[in-house]
$ cat protein_29.cif   # mmCIF, C-alpha atoms and all ligand atoms
data_my_file
#
loop_
_atom_site.label_atom_id
_atom_site.label_comp_id
_atom_site.auth_asym_id
_atom_site.auth_seq_id
_atom_site.Cartn_x
_atom_site.Cartn_y
_atom_site.Cartn_z
CA MET A 1361 -18.86 -194.84 -40.15
CA SER A 1362 -17.17 -192.81 -42.86
CA THR A 1363 -19.30 -190.82 -45.29
CA TYR A 1364 -16.52 -189.72 -47.62
CA PRO A 1365 -16.41 -187.75 -49.95
CA GLU A 1366 -18.99 -185.21 -48.65
CA THR A 1367 -18.03 -185.67 -45.04
CA PHE A 1368 -14.79 -186.59 -43.30
CA GLN A 1369 -14.54 -188.00 -39.79
CA GLY A 1370 -12.05 -186.93 -37.19
CA TYR A 1371 -11.26 -186.59 -33.49
CA ALA A 1372 -12.05 -182.98 -32.64
CA VAL A 1373 -11.40 -180.77 -29.63
CA GLY A 1374 -14.06 -178.13 -28.99
CA SER A 1375 -12.38 -175.95 -26.39
CA SER A 1376 -9.00 -175.62 -24.71
CA VAL A 1377 -10.60 -176.51 -21.35
CA ASN A 1378 -11.35 -179.94 -22.84
CA TRP A 1379 -8.02 -180.19 -24.69
CA ASN A 1380 -7.60 -183.91 -23.91
CA LYS A 1381 -11.24 -184.88 -24.42
CA ALA A 1382 -11.39 -185.17 -28.22
CA LYS A 1383 -14.62 -186.59 -29.65
CA LEU A 1384 -15.26 -188.45 -32.90
CA THR A 1385 -17.00 -185.93 -35.16
CA SER A 1386 -18.08 -185.55 -38.80
CA PHE A 1387 -17.12 -182.42 -40.68
CA PRO A 1388 -17.31 -181.13 -44.26
CA PRO A 1389 -13.95 -180.89 -46.06
CA LYS A 1390 -12.77 -177.70 -47.72
CA ALA A 1391 -14.09 -177.01 -51.23
CA PHE A 1392 -12.32 -179.29 -53.73
CA GLU A 1393 -10.02 -177.32 -56.06
CA ALA A 1394 -8.30 -178.29 -59.32
CA ASN A 1395 -4.89 -178.92 -57.69
CA ASP A 1396 -6.27 -180.74 -54.66
CA ILE A 1397 -5.92 -184.37 -53.78
CA ASP A 1398 -7.86 -186.35 -51.19
CA ILE A 1399 -5.86 -188.71 -49.02
CA GLU A 1400 -7.28 -191.64 -47.08
CA ILE A 1401 -5.18 -191.53 -43.95
CA GLU A 1402 -3.24 -194.56 -42.73
CA CYS A 1403 -1.42 -193.09 -39.72
CA CYS A 1404 -0.50 -189.75 -38.14
CA GLY A 1405 2.29 -188.64 -35.79
CA VAL A 1406 1.59 -186.57 -32.66
CA CYS A 1407 3.56 -183.30 -32.64
CA GLY A 1408 4.16 -180.98 -29.68
CA SER A 1409 2.36 -178.34 -31.76
CA ASP A 1410 -0.83 -180.44 -31.61
CA VAL A 1411 -0.70 -180.12 -27.84
CA HIS A 1412 0.10 -176.38 -27.86
CA THR A 1413 -2.82 -175.86 -30.26
CA VAL A 1414 -5.51 -177.78 -28.36
CA ARG A 1415 -4.39 -176.23 -25.07
CA GLY A 1416 -4.90 -172.79 -26.62
CA ASN A 1417 -1.25 -171.88 -25.91
CA TRP A 1418 -0.93 -169.91 -29.15
CA SER A 1419 -4.44 -168.64 -29.89
CA GLU A 1420 -8.07 -169.34 -29.21
CA LEU A 1421 -9.38 -172.41 -31.01
CA LYS A 1422 -10.98 -171.13 -34.21
CA SER A 1423 -13.72 -173.80 -34.34
CA LEU A 1424 -13.82 -177.52 -33.64
CA VAL A 1425 -10.14 -178.35 -34.01
CA VAL A 1426 -8.89 -181.58 -35.59
CA VAL A 1427 -5.11 -181.54 -35.10
CA GLY A 1428 -2.46 -183.77 -36.68
CA HIS A 1429 0.11 -182.71 -39.25
CA GLU A 1430 2.31 -185.76 -39.63
CA ILE A 1431 0.02 -187.56 -42.03
CA VAL A 1432 0.62 -190.57 -44.26
CA GLY A 1433 -1.99 -192.14 -46.50
CA LYS A 1434 -3.14 -193.10 -49.96
CA VAL A 1435 -4.37 -190.78 -52.71
CA VAL A 1436 -8.06 -191.53 -53.39
CA ARG A 1437 -9.05 -188.53 -55.51
CA VAL A 1438 -7.10 -186.17 -57.78
CA GLY A 1439 -8.18 -182.78 -59.13
CA PRO A 1440 -8.01 -182.13 -62.90
CA ASN A 1441 -4.80 -180.06 -62.67
CA VAL A 1442 -2.87 -182.48 -60.45
CA THR A 1443 0.44 -183.54 -62.00
CA HIS A 1444 2.46 -185.06 -59.15
CA TYR A 1445 0.18 -187.93 -58.11
CA LYS A 1446 -2.20 -190.61 -59.29
CA LEU A 1447 -4.79 -192.68 -57.45
CA GLY A 1448 -3.23 -195.15 -55.02
CA ASP A 1449 0.08 -193.28 -54.48
CA ARG A 1450 1.39 -193.23 -50.90
CA VAL A 1451 2.04 -189.66 -49.78
CA GLY A 1452 2.73 -187.64 -46.66
CA VAL A 1453 1.46 -184.25 -45.50
CA GLY A 1454 3.15 -181.97 -42.99
CA ALA A 1455 2.14 -178.78 -41.25
CA GLN A 1456 1.48 -176.60 -44.31
CA ALA A 1457 -1.59 -176.83 -46.55
CA LYS A 1458 -1.28 -173.89 -48.92
CA SER A 1459 0.79 -170.94 -50.11
CA CYS A 1460 0.57 -168.67 -53.17
CA LEU A 1461 3.49 -170.46 -54.95
CA GLU A 1462 4.14 -167.20 -56.84
CA CYS A 1463 5.77 -164.73 -54.45
CA SER A 1464 9.53 -164.35 -54.09
CA ARG A 1465 9.50 -166.47 -50.92
CA CYS A 1466 7.61 -169.35 -52.53
CA LYS A 1467 9.76 -169.20 -55.66
CA ARG A 1468 12.91 -169.53 -53.56
CA ASP A 1469 11.78 -172.63 -51.68
CA ASN A 1470 10.60 -170.67 -48.66
CA GLU A 1471 6.90 -171.59 -48.78
CA PRO A 1472 6.40 -171.63 -44.98
CA TYR A 1473 7.17 -167.89 -44.96
CA CYS A 1474 4.60 -167.00 -47.66
CA LYS A 1475 2.32 -164.20 -46.48
CA THR A 1476 -0.70 -166.25 -47.56
CA ALA A 1477 0.39 -169.55 -45.97
CA VAL A 1478 -2.40 -171.77 -44.66
CA PHE A 1479 -1.40 -174.41 -42.16
CA THR A 1480 -2.80 -177.93 -41.95
CA TYR A 1481 -5.14 -177.26 -39.02
CA ASN A 1482 -6.76 -174.38 -37.13
CA SER A 1483 -5.80 -172.03 -39.97
CA ALA A 1484 -8.13 -170.08 -42.26
CA TYR A 1485 -8.32 -170.60 -46.04
CA PRO A 1486 -9.17 -167.43 -48.04
CA ASP A 1487 -12.87 -168.44 -48.09
CA GLY A 1488 -12.89 -168.67 -44.29
CA TYR A 1489 -12.85 -172.49 -44.07
CA ILE A 1490 -10.78 -173.57 -41.05
CA SER A 1491 -8.32 -176.31 -41.99
CA LYS A 1492 -8.63 -179.74 -40.34
CA GLY A 1493 -5.69 -182.06 -39.72
CA GLY A 1494 -4.84 -185.72 -39.69
CA TYR A 1495 -6.47 -187.28 -36.64
CA ALA A 1496 -9.12 -188.00 -39.26
CA SER A 1497 -10.31 -190.35 -41.95
CA HIS A 1498 -9.12 -188.14 -44.84
CA VAL A 1499 -7.34 -184.92 -45.59
CA ARG A 1500 -7.84 -182.69 -48.65
CA ILE A 1501 -4.74 -180.77 -49.67
CA HIS A 1502 -3.04 -178.91 -52.54
CA GLU A 1503 -0.70 -181.41 -54.22
CA HIS A 1504 2.36 -179.17 -53.66
CA PHE A 1505 2.05 -179.85 -49.92
CA ALA A 1506 1.89 -183.64 -50.26
CA PHE A 1507 5.18 -185.51 -50.56
CA PRO A 1508 6.09 -188.84 -52.15
CA ILE A 1509 7.39 -191.37 -49.63
CA PRO A 1510 10.30 -193.57 -50.71
CA GLU A 1511 9.43 -197.28 -50.68
CA GLY A 1512 12.01 -198.17 -48.06
CA ILE A 1513 10.36 -196.13 -45.30
CA LYS A 1514 7.46 -197.65 -43.34
CA SER A 1515 4.42 -195.36 -43.12
CA GLU A 1516 4.63 -195.16 -39.31
CA HIS A 1517 8.24 -193.98 -39.56
CA ALA A 1518 7.54 -191.59 -42.44
CA ALA A 1519 4.74 -189.85 -40.50
CA PRO A 1520 6.91 -188.07 -37.87
CA LEU A 1521 9.29 -186.95 -40.59
CA MET A 1522 6.52 -184.87 -42.22
CA CYS A 1523 6.57 -182.13 -39.59
CA GLY A 1524 9.19 -182.99 -36.97
CA GLY A 1525 11.77 -184.33 -39.43
CA LEU A 1526 11.35 -181.53 -41.95
CA THR A 1527 11.34 -178.79 -39.30
CA VAL A 1528 14.76 -179.81 -38.01
CA TYR A 1529 16.19 -180.79 -41.41
CA SER A 1530 15.61 -177.36 -42.96
CA PRO A 1531 17.70 -175.26 -40.54
CA LEU A 1532 20.34 -177.99 -40.15
CA LYS A 1533 20.79 -178.25 -43.91
CA ARG A 1534 20.89 -174.51 -44.44
CA PHE A 1535 23.49 -174.03 -41.72
CA LEU A 1536 25.63 -177.02 -42.69
CA ASP A 1537 25.75 -175.97 -46.36
CA GLN A 1538 26.89 -172.50 -45.33
CA ALA A 1539 29.43 -173.78 -42.81
CA ARG A 1540 30.98 -176.30 -45.19
CA GLU A 1541 31.38 -173.60 -47.82
CA ALA A 1542 33.06 -171.27 -45.31
CA ASN A 1543 35.23 -174.07 -43.92
CA LYS A 1544 36.53 -175.14 -47.33
CA LYS A 1545 39.13 -172.40 -47.26
CA TYR A 1546 40.56 -173.67 -43.96
CA GLY A 1547 40.17 -177.42 -44.56
CA ASP A 1548 38.14 -177.80 -41.37
CA THR A 1549 34.95 -179.56 -42.40
CA GLU A 1550 33.49 -181.05 -39.21
CA VAL A 1551 30.69 -178.95 -37.75
CA THR A 1552 29.68 -179.29 -34.09
CA VAL A 1553 25.94 -179.22 -33.57
CA GLY A 1554 24.01 -179.08 -30.28
CA ILE A 1555 20.38 -180.20 -30.14
CA ILE A 1556 18.38 -178.84 -27.18
CA GLY A 1557 15.29 -180.78 -26.01
CA ILE A 1558 15.36 -184.49 -26.72
CA GLY A 1559 11.70 -185.00 -27.53
CA GLY A 1560 10.15 -185.81 -30.91
CA LEU A 1561 11.91 -183.09 -32.90
CA GLY A 1562 15.15 -183.33 -30.91
CA SER A 1563 15.48 -187.11 -31.35
CA MET A 1564 14.98 -186.79 -35.11
CA ALA A 1565 17.41 -183.84 -35.22
CA VAL A 1566 20.14 -185.99 -33.64
CA GLN A 1567 19.50 -188.74 -36.20
CA LEU A 1568 19.29 -186.44 -39.22
CA ALA A 1569 22.29 -184.31 -38.22
CA LYS A 1570 24.40 -187.48 -38.04
CA ALA A 1571 22.98 -188.75 -41.33
CA MET A 1572 24.01 -185.51 -43.06
CA GLY A 1573 27.67 -186.25 -42.31
CA TYR A 1574 30.64 -184.11 -41.21
CA THR A 1575 28.88 -183.44 -37.94
CA LYS A 1576 29.72 -183.96 -34.31
CA VAL A 1577 26.40 -183.94 -32.48
CA TYR A 1578 25.67 -183.23 -28.81
CA ALA A 1579 22.26 -183.97 -27.34
CA ILE A 1580 21.38 -181.29 -24.78
CA SER A 1581 18.70 -182.23 -22.26
CA ARG A 1582 17.61 -180.84 -18.91
CA GLY A 1583 18.55 -183.95 -16.91
CA THR A 1584 20.50 -187.15 -17.50
CA SER A 1585 17.58 -189.58 -17.97
CA LYS A 1586 17.79 -189.50 -21.78
CA LYS A 1587 21.58 -189.87 -22.04
CA GLU A 1588 21.63 -193.55 -22.96
CA ASP A 1589 18.89 -193.09 -25.59
CA ALA A 1590 20.62 -190.03 -27.04
CA LEU A 1591 23.84 -191.97 -27.56
CA LYS A 1592 21.87 -194.82 -29.19
CA LEU A 1593 20.21 -192.27 -31.48
CA GLY A 1594 23.71 -191.42 -32.66
CA ALA A 1595 24.81 -188.48 -30.51
CA ASP A 1596 28.57 -188.17 -29.99
CA GLY A 1597 28.18 -186.25 -26.74
CA PHE A 1598 25.58 -185.38 -24.11
CA VAL A 1599 25.02 -182.30 -21.97
CA ALA A 1600 22.64 -182.09 -19.00
CA THR A 1601 21.89 -178.42 -18.35
CA ALA A 1602 20.90 -179.24 -14.76
CA GLU A 1603 24.57 -179.86 -14.11
CA LYS A 1604 26.27 -176.82 -12.63
CA ASP A 1605 28.91 -175.20 -14.82
CA TRP A 1606 28.01 -177.21 -17.96
CA ALA A 1607 28.46 -174.06 -20.03
CA LYS A 1608 31.90 -173.31 -18.57
CA SER A 1609 33.13 -176.78 -19.47
CA HIS A 1610 31.77 -176.40 -23.04
CA GLN A 1611 33.15 -172.98 -23.96
CA ASP A 1612 33.94 -172.64 -27.66
CA THR A 1613 32.20 -175.92 -28.54
CA PHE A 1614 29.25 -175.31 -30.88
CA ASP A 1615 29.04 -174.04 -34.44
CA PHE A 1616 25.28 -174.47 -34.42
CA ILE A 1617 22.68 -175.00 -31.72
CA LEU A 1618 19.15 -176.04 -32.65
CA ASN A 1619 16.61 -175.49 -29.91
CA CYS A 1620 13.81 -178.07 -30.06
CA ALA A 1621 12.39 -177.51 -26.55
CA SER A 1622 8.63 -177.02 -26.22
CA SER A 1623 9.06 -174.34 -23.55
CA ILE A 1624 11.72 -171.66 -23.30
CA SER A 1625 10.77 -170.25 -19.92
CA ASN A 1626 13.76 -171.80 -18.14
CA LEU A 1627 16.17 -171.84 -21.04
CA ASP A 1628 19.30 -169.86 -20.20
CA LEU A 1629 20.15 -168.42 -23.60
CA ASN A 1630 23.19 -166.55 -22.27
CA SER A 1631 24.80 -169.87 -21.29
CA PHE A 1632 24.13 -171.40 -24.72
CA LEU A 1633 25.61 -168.38 -26.47
CA SER A 1634 28.69 -168.57 -24.26
CA ALA A 1635 29.28 -172.13 -25.50
CA MET A 1636 29.38 -171.01 -29.16
CA LYS A 1637 32.44 -170.98 -31.35
CA PHE A 1638 33.24 -167.75 -33.20
CA GLY A 1639 30.35 -166.90 -35.53
CA GLY A 1640 28.10 -169.65 -34.18
CA THR A 1641 24.36 -169.65 -34.80
CA PHE A 1642 21.55 -170.43 -32.36
CA THR A 1643 18.29 -171.32 -34.14
CA SER A 1644 15.05 -172.06 -32.37
CA VAL A 1645 12.37 -174.26 -33.85
CA GLY A 1646 10.94 -174.95 -30.40
CA LEU A 1647 8.01 -172.70 -29.58
CA GLY A 1648 6.70 -172.16 -26.09
CA PRO A 1649 3.29 -170.76 -25.23
CA SER A 1650 2.93 -167.29 -26.81
CA ASP A 1651 3.55 -165.44 -23.52
CA GLU A 1652 7.11 -166.84 -23.25
CA SER A 1653 10.08 -164.90 -24.59
CA PHE A 1654 13.86 -165.17 -24.69
CA SER A 1655 15.89 -162.98 -22.42
CA VAL A 1656 19.42 -162.28 -23.56
CA SER A 1657 22.15 -159.77 -23.00
CA PRO A 1658 23.78 -158.15 -26.09
CA GLY A 1659 27.10 -158.86 -24.37
CA SER A 1660 26.53 -162.57 -24.92
CA PHE A 1661 26.68 -162.12 -28.69
CA ILE A 1662 29.66 -159.79 -28.65
CA ARG A 1663 32.10 -162.26 -27.13
CA ASN A 1664 31.97 -164.62 -30.11
CA ARG A 1665 29.96 -162.76 -32.76
CA SER A 1666 27.23 -165.38 -32.44
CA SER A 1667 23.72 -164.77 -33.71
CA MET A 1668 20.27 -166.16 -33.23
CA GLY A 1669 17.02 -166.70 -35.08
CA SER A 1670 14.14 -169.07 -35.66
CA SER A 1671 13.00 -171.39 -38.40
CA ALA A 1672 9.57 -172.59 -39.54
CA LEU A 1673 8.88 -175.99 -41.13
CA GLY A 1674 10.68 -176.49 -44.47
CA SER A 1675 10.05 -176.39 -48.20
CA ARG A 1676 8.68 -179.07 -50.54
CA ALA A 1677 12.16 -179.46 -52.05
CA GLU A 1678 13.71 -179.91 -48.60
CA CYS A 1679 11.05 -182.45 -47.60
CA ILE A 1680 11.72 -184.61 -50.65
CA GLU A 1681 15.48 -184.33 -50.08
CA MET A 1682 15.09 -185.20 -46.37
CA LEU A 1683 12.97 -188.28 -47.15
CA GLU A 1684 15.55 -189.47 -49.68
CA LEU A 1685 18.32 -189.01 -47.11
CA ALA A 1686 16.27 -190.89 -44.48
CA ALA A 1687 15.70 -193.76 -46.89
CA ALA A 1688 19.34 -193.88 -47.99
CA LYS A 1689 20.79 -193.70 -44.47
CA GLY A 1690 18.11 -195.74 -42.68
CA VAL A 1691 16.97 -192.88 -40.43
CA THR A 1692 14.17 -194.45 -38.40
CA PRO A 1693 12.33 -192.22 -35.92
CA TRP A 1694 11.75 -193.81 -32.52
CA ILE A 1695 8.01 -194.21 -32.27
CA GLU A 1696 5.32 -195.74 -30.07
CA GLU A 1697 2.24 -196.80 -32.02
CA VAL A 1698 -1.19 -196.17 -30.51
CA PRO A 1699 -4.43 -197.20 -32.29
CA ILE A 1700 -6.56 -194.14 -33.02
CA SER A 1701 -9.77 -193.84 -30.95
CA GLU A 1702 -11.11 -191.24 -28.53
CA ALA A 1703 -9.22 -192.95 -25.70
CA GLY A 1704 -6.06 -193.27 -27.81
CA VAL A 1705 -6.03 -189.62 -28.91
CA ASN A 1706 -6.66 -188.37 -25.40
CA GLU A 1707 -3.94 -190.62 -23.99
CA VAL A 1708 -1.28 -189.45 -26.44
CA LEU A 1709 -2.15 -185.76 -26.04
CA THR A 1710 -1.90 -186.11 -22.25
CA LYS A 1711 1.33 -188.12 -22.35
CA CYS A 1712 2.93 -185.73 -24.82
CA GLU A 1713 2.03 -182.77 -22.58
CA ASN A 1714 3.55 -184.64 -19.61
CA GLY A 1715 6.80 -185.29 -21.51
CA ASP A 1716 6.27 -189.07 -21.54
CA ALA A 1717 6.77 -189.66 -25.28
CA ARG A 1718 9.78 -191.82 -26.20
CA TYR A 1719 10.03 -190.20 -28.62
CA ARG A 1720 7.07 -189.83 -30.97
CA TYR A 1721 3.57 -191.23 -30.74
CA CYS A 1722 2.15 -192.41 -34.02
CA LEU A 1723 -1.60 -192.96 -34.25
CA THR A 1724 -2.39 -196.08 -36.31
CA ASN A 1725 -5.27 -198.45 -37.25
CA PHE A 1726 -7.19 -195.74 -39.11
CA HIS A 1727 -8.92 -198.29 -41.34
CA GLU A 1728 -10.50 -199.90 -38.28
CA ALA A 1729 -11.53 -196.60 -36.65
CA PHE A 1730 -13.07 -195.13 -39.80
CA LYS A 1731 -14.55 -198.32 -41.31
CA THR A 1732 -17.24 -197.73 -43.92
P1 LIG B 1 8.07 -182.92 -27.44
O1 LIG B 1 7.09 -182.71 -26.36
O2 LIG B 1 8.18 -184.26 -28.08
O3 LIG B 1 9.54 -182.54 -26.95
C1 LIG B 1 9.81 -181.34 -26.33
C2 LIG B 1 11.10 -181.45 -25.52
O4 LIG B 1 11.32 -180.16 -24.97
C3 LIG B 1 11.03 -182.38 -24.33
O5 LIG B 1 11.34 -183.71 -24.65
C4 LIG B 1 12.04 -181.77 -23.38
O6 LIG B 1 13.35 -182.23 -23.66
C5 LIG B 1 11.97 -180.29 -23.71
N1 LIG B 1 11.15 -179.57 -22.74
C6 LIG B 1 9.88 -179.83 -22.35
N2 LIG B 1 9.46 -178.95 -21.43
C7 LIG B 1 10.48 -178.09 -21.24
C8 LIG B 1 10.67 -176.95 -20.41
N3 LIG B 1 9.71 -176.54 -19.59
N4 LIG B 1 11.85 -176.31 -20.49
C9 LIG B 1 12.82 -176.74 -21.33
N5 LIG B 1 12.70 -177.84 -22.12
C10 LIG B 1 11.55 -178.48 -22.08
O7 LIG B 1 7.71 -181.82 -28.55
P2 LIG B 1 8.11 -181.79 -30.10
O8 LIG B 1 9.48 -182.28 -30.25
O9 LIG B 1 7.03 -182.38 -30.89
O10 LIG B 1 8.06 -180.22 -30.40
C11 LIG B 1 9.03 -179.37 -29.84
C12 LIG B 1 8.69 -177.93 -30.09
O11 LIG B 1 8.81 -177.63 -31.48
C13 LIG B 1 7.24 -177.54 -29.73
O12 LIG B 1 7.29 -176.28 -29.11
C14 LIG B 1 6.56 -177.46 -31.08
O13 LIG B 1 5.44 -176.60 -31.05
C15 LIG B 1 7.67 -176.89 -31.91
N6 LIG B 1 7.52 -177.05 -33.35
C16 LIG B 1 7.94 -176.01 -34.13
C17 LIG B 1 7.88 -176.10 -35.49
C18 LIG B 1 8.44 -174.99 -36.33
O14 LIG B 1 8.13 -174.92 -37.52
N7 LIG B 1 9.25 -174.12 -35.80
C19 LIG B 1 7.30 -177.28 -36.15
C20 LIG B 1 7.00 -178.35 -35.25
C21 LIG B 1 7.08 -178.22 -33.90
P3 LIG B 1 14.40 -182.67 -22.49
O15 LIG B 1 13.62 -183.59 -21.60
O16 LIG B 1 15.47 -183.33 -23.25
O17 LIG B 1 14.85 -181.44 -21.80
ZN ZN B 2 4.45 -180.38 -35.93
#

$ encode --input "protein_29.cif" --output "structure tokens" --more "lines below"
Ligand code: NDP
Ligand code: ZN
Amino acid sequence: MSTYPETFQGYAVGSSVNWNKAKLTSFPPKAFEANDIDIEIECCGVCGSDVHTVRGNWSELKSLVVVGHEIVGKVVRVGPNVTHYKLGDRVGVGAQAKSCLECSRCKRDNEPYCKTAVFTYNSAYPDGYISKGGYASHVRIHEHFAFPIPEGIKSEHAAPLMCGGLTVYSPLKRFLDQAREANKKYGDTEVTVGIIGIGGLGSMAVQLAKAMGYTKVYAISRGTSKKEDALKLGADGFVATAEKDWAKSHQDTFDFILNCASSISNLDLNSFLSAMKFGGTFTSVGLGPSDESFSVSPGSFIRNRSSMGSSALGSRAECIEMLELAAAKGVTPWIEEVPISEAGVNEVLTKCENGDARYRYCLTNFHEAFKT
């Protein structure tokens, strides 16, 4: 039974020992502020970060944790200063809940890098309230971090785009813009992109990289079991890193490699760098448990002047742009729908941890689960 607006309901994990034993719980929302909206949630995607968080792979759980940051729902309350939305609008929420919107990073569309960023769950607001995510009846959020969903995209397909889609779109777009500008002079516009880890993020990265145009895309997976799917997703080529000498046969291939793997412990960065073209960039959005780190020899960068870095989420402007591209090009994430319930949440967390998702779980039937 939902007791909105004083209390929200959600599936909460109390400790990392019980990471796949979420329980239906009531909790108070954050204090309502003038730019906040309340969203009645319709569905929510299941991100690899949800699993890392409940397993305590990044930090201790701060309190009862309600994960979920691929949220779609309907606006049911608007604060007095809200300008983007009205009651009844369909919106999405990703992994970020707040930033100052005033610093040089925020002003340049780099909100995820704001020093005061608050994330959608397990993250502290300035008053100490710990944010709660979307495996819940409602979410309360600053309007800047809610995004309008184009009519042509079904809610269940829009949900995974909120975190997974945006996280891969941002670095792909930034690199492709730069590469096209540099290539203009030489008339060589096609950019070769490799996507490592064909899970939720990786599958969307293949689709979005193709949708952006002027790209040749390789899906890079550990084995060969996802080859057929990767080609159906739109990949032009496939690499299985379990195959001996894959890197030798792909020397001088990639302008850009986007790592979407959820663990980097067995990722041979030196091999990936050796497969770069001159000036290639390796960007990691994939995050392993916090005790994992990359090991790389400086010599690997010297041979082709390649470089590496990481990327976090994306900006509001990029999210809106990405959703418009998805609508225009018919980018449809591959999802499996699971009705939300204690059993449903625990099943998807477990299957995601085991690598069984093909390729994104989307929790649905929220109206049934949180009936008033
Ligand atoms: P998934 O579980 O859906 O996919 C992860 C993929 O990683 C798997 O399909 C697999 O691909 C590969 N993989 C799994 N285990 C290993 C391993 N031990 N070694 C190498 N590769 C492995 O997760 P998501 O796509 O939802 O998330 C991927 C990562 O991105 C997570 O670490 C998540 O926390 C992070 N993330 C980062 C964000 C950011 O802002 N930077 C935002 C959102 C998520 P294959 O079978 O093809 O090898
Ligand atoms: Zn995520």

$ residues_near_ligand --input "protein_29.cif" --ligand "ligand LIG 1 (chain B)" --cutoff "7 Å" --atoms "all atoms listed in the file" --output "ChimeraX atom specification"
/A:1407-1409,1412,1523-1524,1527,1556-1562,1580-1583,1586,1620-1627,1645-1648,1671-1673,1712-1713,1715,1717,1719-1720

$ closest_residue --input "protein_29.cif" --among "A:Ala1457, A:Cys1463, A:Ala1382, A:Ile1501" --to "Asn1395 in chain A" --atoms "all atoms listed in the file"
A:Ile1501

$ atom_distance --input "protein_29.cif" --atom1 "CA of Ser1491 in chain A" --atom2 "CA of Gly1454 in chain A"
12.8 Å

$ atom_distance --input "protein_29.cif" --atom1 "CA of Ala1565 in chain A" --atom2 "CA of Ala1518 in chain A"
14.5 Å

$ residues_around --input "protein_29.cif" --residues "Ile1399 in chain A" --least-positions-apart "3" --cutoff "12 Å" --atoms "all atoms listed in the file" --output "PyMOL selection string"
chain A and resi 1364-1365+1368+1389+1396+1402-1403+1431-1439+1445-1453+1493-1494+1496-1503+1505-1507

$ residues_around --input "protein_29.cif" --residues "Gly1690 in chain A" --least-positions-apart "6" --cutoff "12 Å" --atoms "all atoms listed in the file" --output "count of residues only"
16

$ residues_near_point --input "protein_29.cif" --point "(-5.5, -198.7, -37.3)" --cutoff "10 Å" --atoms "all atoms listed in the file" --output "PyMOL selection string"
chain A and resi 1401-1403+1697-1701+1723-1731

$ atom_distance --input "protein_29.cif" --atom1 "CA of Gly1674 in chain A" --atom2 "CA of Leu1536 in chain A"
15.1 Å

$ residues_around --input "protein_29.cif" --residues "Leu1629 in chain A" --least-positions-apart "4" --cutoff "10 Å" --atoms "only C-alpha atoms" --output "PyMOL selection string"
chain A and resi 1624+1633-1634+1642+1654-1657+1660+1668

$ closest_residue --input "protein_29.cif" --among "A:Pro1486, A:Gly1669, A:Gly1573, A:Gly1525" --to "Ala1686 in chain A" --atoms "all atoms listed in the file"
A:Gly1525

$ closest_residue --input "protein_29.cif" --among "A:Met1564, A:Leu1384, A:Leu1521, A:Ala1455" --to "ligand ZN 2 (chain B)" --atoms "only C-alpha atoms and all ligand atoms"
A:Ala1455

$ closest_residue --input "protein_29.cif" --among "A:Leu1526, A:Gly1416, A:Asn1380, A:Lys1475" --to "ligand ZN 2 (chain B)" --atoms "all atoms listed in the file"
A:Leu1526

$ residues_around --input "protein_29.cif" --residues "Ser1464 in chain A" --least-positions-apart "4" --cutoff "12 Å" --atoms "only C-alpha atoms" --output "PDB file with C-alpha atoms, in the coordinates of the input"
ATOM      1  CA  SER A1459       0.790-170.940 -50.110  1.00  0.00           C
ATOM      2  CA  CYS A1460       0.570-168.670 -53.170  1.00  0.00           C
ATOM      3  CA  ARG A1468      12.910-169.530 -53.560  1.00  0.00           C
ATOM      4  CA  ASP A1469      11.780-172.630 -51.680  1.00  0.00           C
ATOM      5  CA  ASN A1470      10.600-170.670 -48.660  1.00  0.00           C
ATOM      6  CA  GLU A1471       6.900-171.590 -48.780  1.00  0.00           C
ATOM      7  CA  TYR A1473       7.170-167.890 -44.960  1.00  0.00           C
ATOM      8  CA  CYS A1474       4.600-167.000 -47.660  1.00  0.00           C
ATOM      9  CA  LYS A1475       2.320-164.200 -46.480  1.00  0.00           C
TER      10      LYS A1475
END

$ closest_residue --input "protein_29.cif" --among "A:Ile1680, A:Ala1590, A:Ala1687, A:Ala1635" --to "Arg1663 in chain A" --atoms "only C-alpha atoms"
A:Ala1635

$ closest_residue --input "protein_29.cif" --among "A:Glu1400, A:Glu1430, A:Glu1516, A:Glu1393" --to "ligand ZN 2 (chain B)" --atoms "all atoms listed in the file"
A:Glu1430

$ residues_around --input "protein_29.cif" --residues "range 1595-1599 of chain A" --least-positions-apart "4" --cutoff "7 Å" --atoms "all atoms listed in the file" --output "short mmCIF file (atom, residue, chain, number, x, y, z; two decimals) with C-alpha atoms, in the coordinates of the input"
data_model
loop_
_atom_site.label_atom_id
_atom_site.label_comp_id
_atom_site.auth_asym_id
_atom_site.auth_seq_id
_atom_site.Cartn_x
_atom_site.Cartn_y
_atom_site.Cartn_z
CA VAL A 1566 20.14 -185.99 -33.64
CA LYS A 1576 29.72 -183.96 -34.31
CA VAL A 1577 26.40 -183.94 -32.48
CA TYR A 1578 25.67 -183.23 -28.81
CA ALA A 1579 22.26 -183.97 -27.34
CA ILE A 1580 21.38 -181.29 -24.78
CA SER A 1581 18.70 -182.23 -22.26
CA LYS A 1587 21.58 -189.87 -22.04
CA ALA A 1590 20.62 -190.03 -27.04
CA LEU A 1591 23.84 -191.97 -27.56
#

$ decode --input "protein_29.cif" --residues "range 1694-1703 of chain A" --atoms "C-alpha atoms" --output "mmCIF file, in the first residue's frame"
data_model
loop_
_atom_site.group_PDB
_atom_site.id
_atom_site.type_symbol
_atom_site.label_atom_id
_atom_site.label_comp_id
_atom_site.auth_asym_id
_atom_site.auth_seq_id
_atom_site.Cartn_x
_atom_site.Cartn_y
_atom_site.Cartn_z
ATOM 1 C CA TRP A 1694 17.245 -5.131 -25.932
ATOM 2 C CA ILE A 1695 15.349 -5.702 -22.723
ATOM 3 C CA GLU A 1696 13.719 -8.444 -20.680
ATOM 4 C CA GLU A 1697 10.769 -7.217 -18.634
ATOM 5 C CA VAL A 1698 10.321 -8.527 -15.088
ATOM 6 C CA PRO A 1699 7.379 -7.442 -12.869
ATOM 7 C CA ILE A 1700 8.669 -5.688 -9.758
ATOM 8 C CA SER A 1701 8.248 -7.625 -6.486
ATOM 9 C CA GLU A 1702 10.674 -8.909 -3.853
ATOM 10 C CA ALA A 1703 11.163 -12.085 -5.896
#
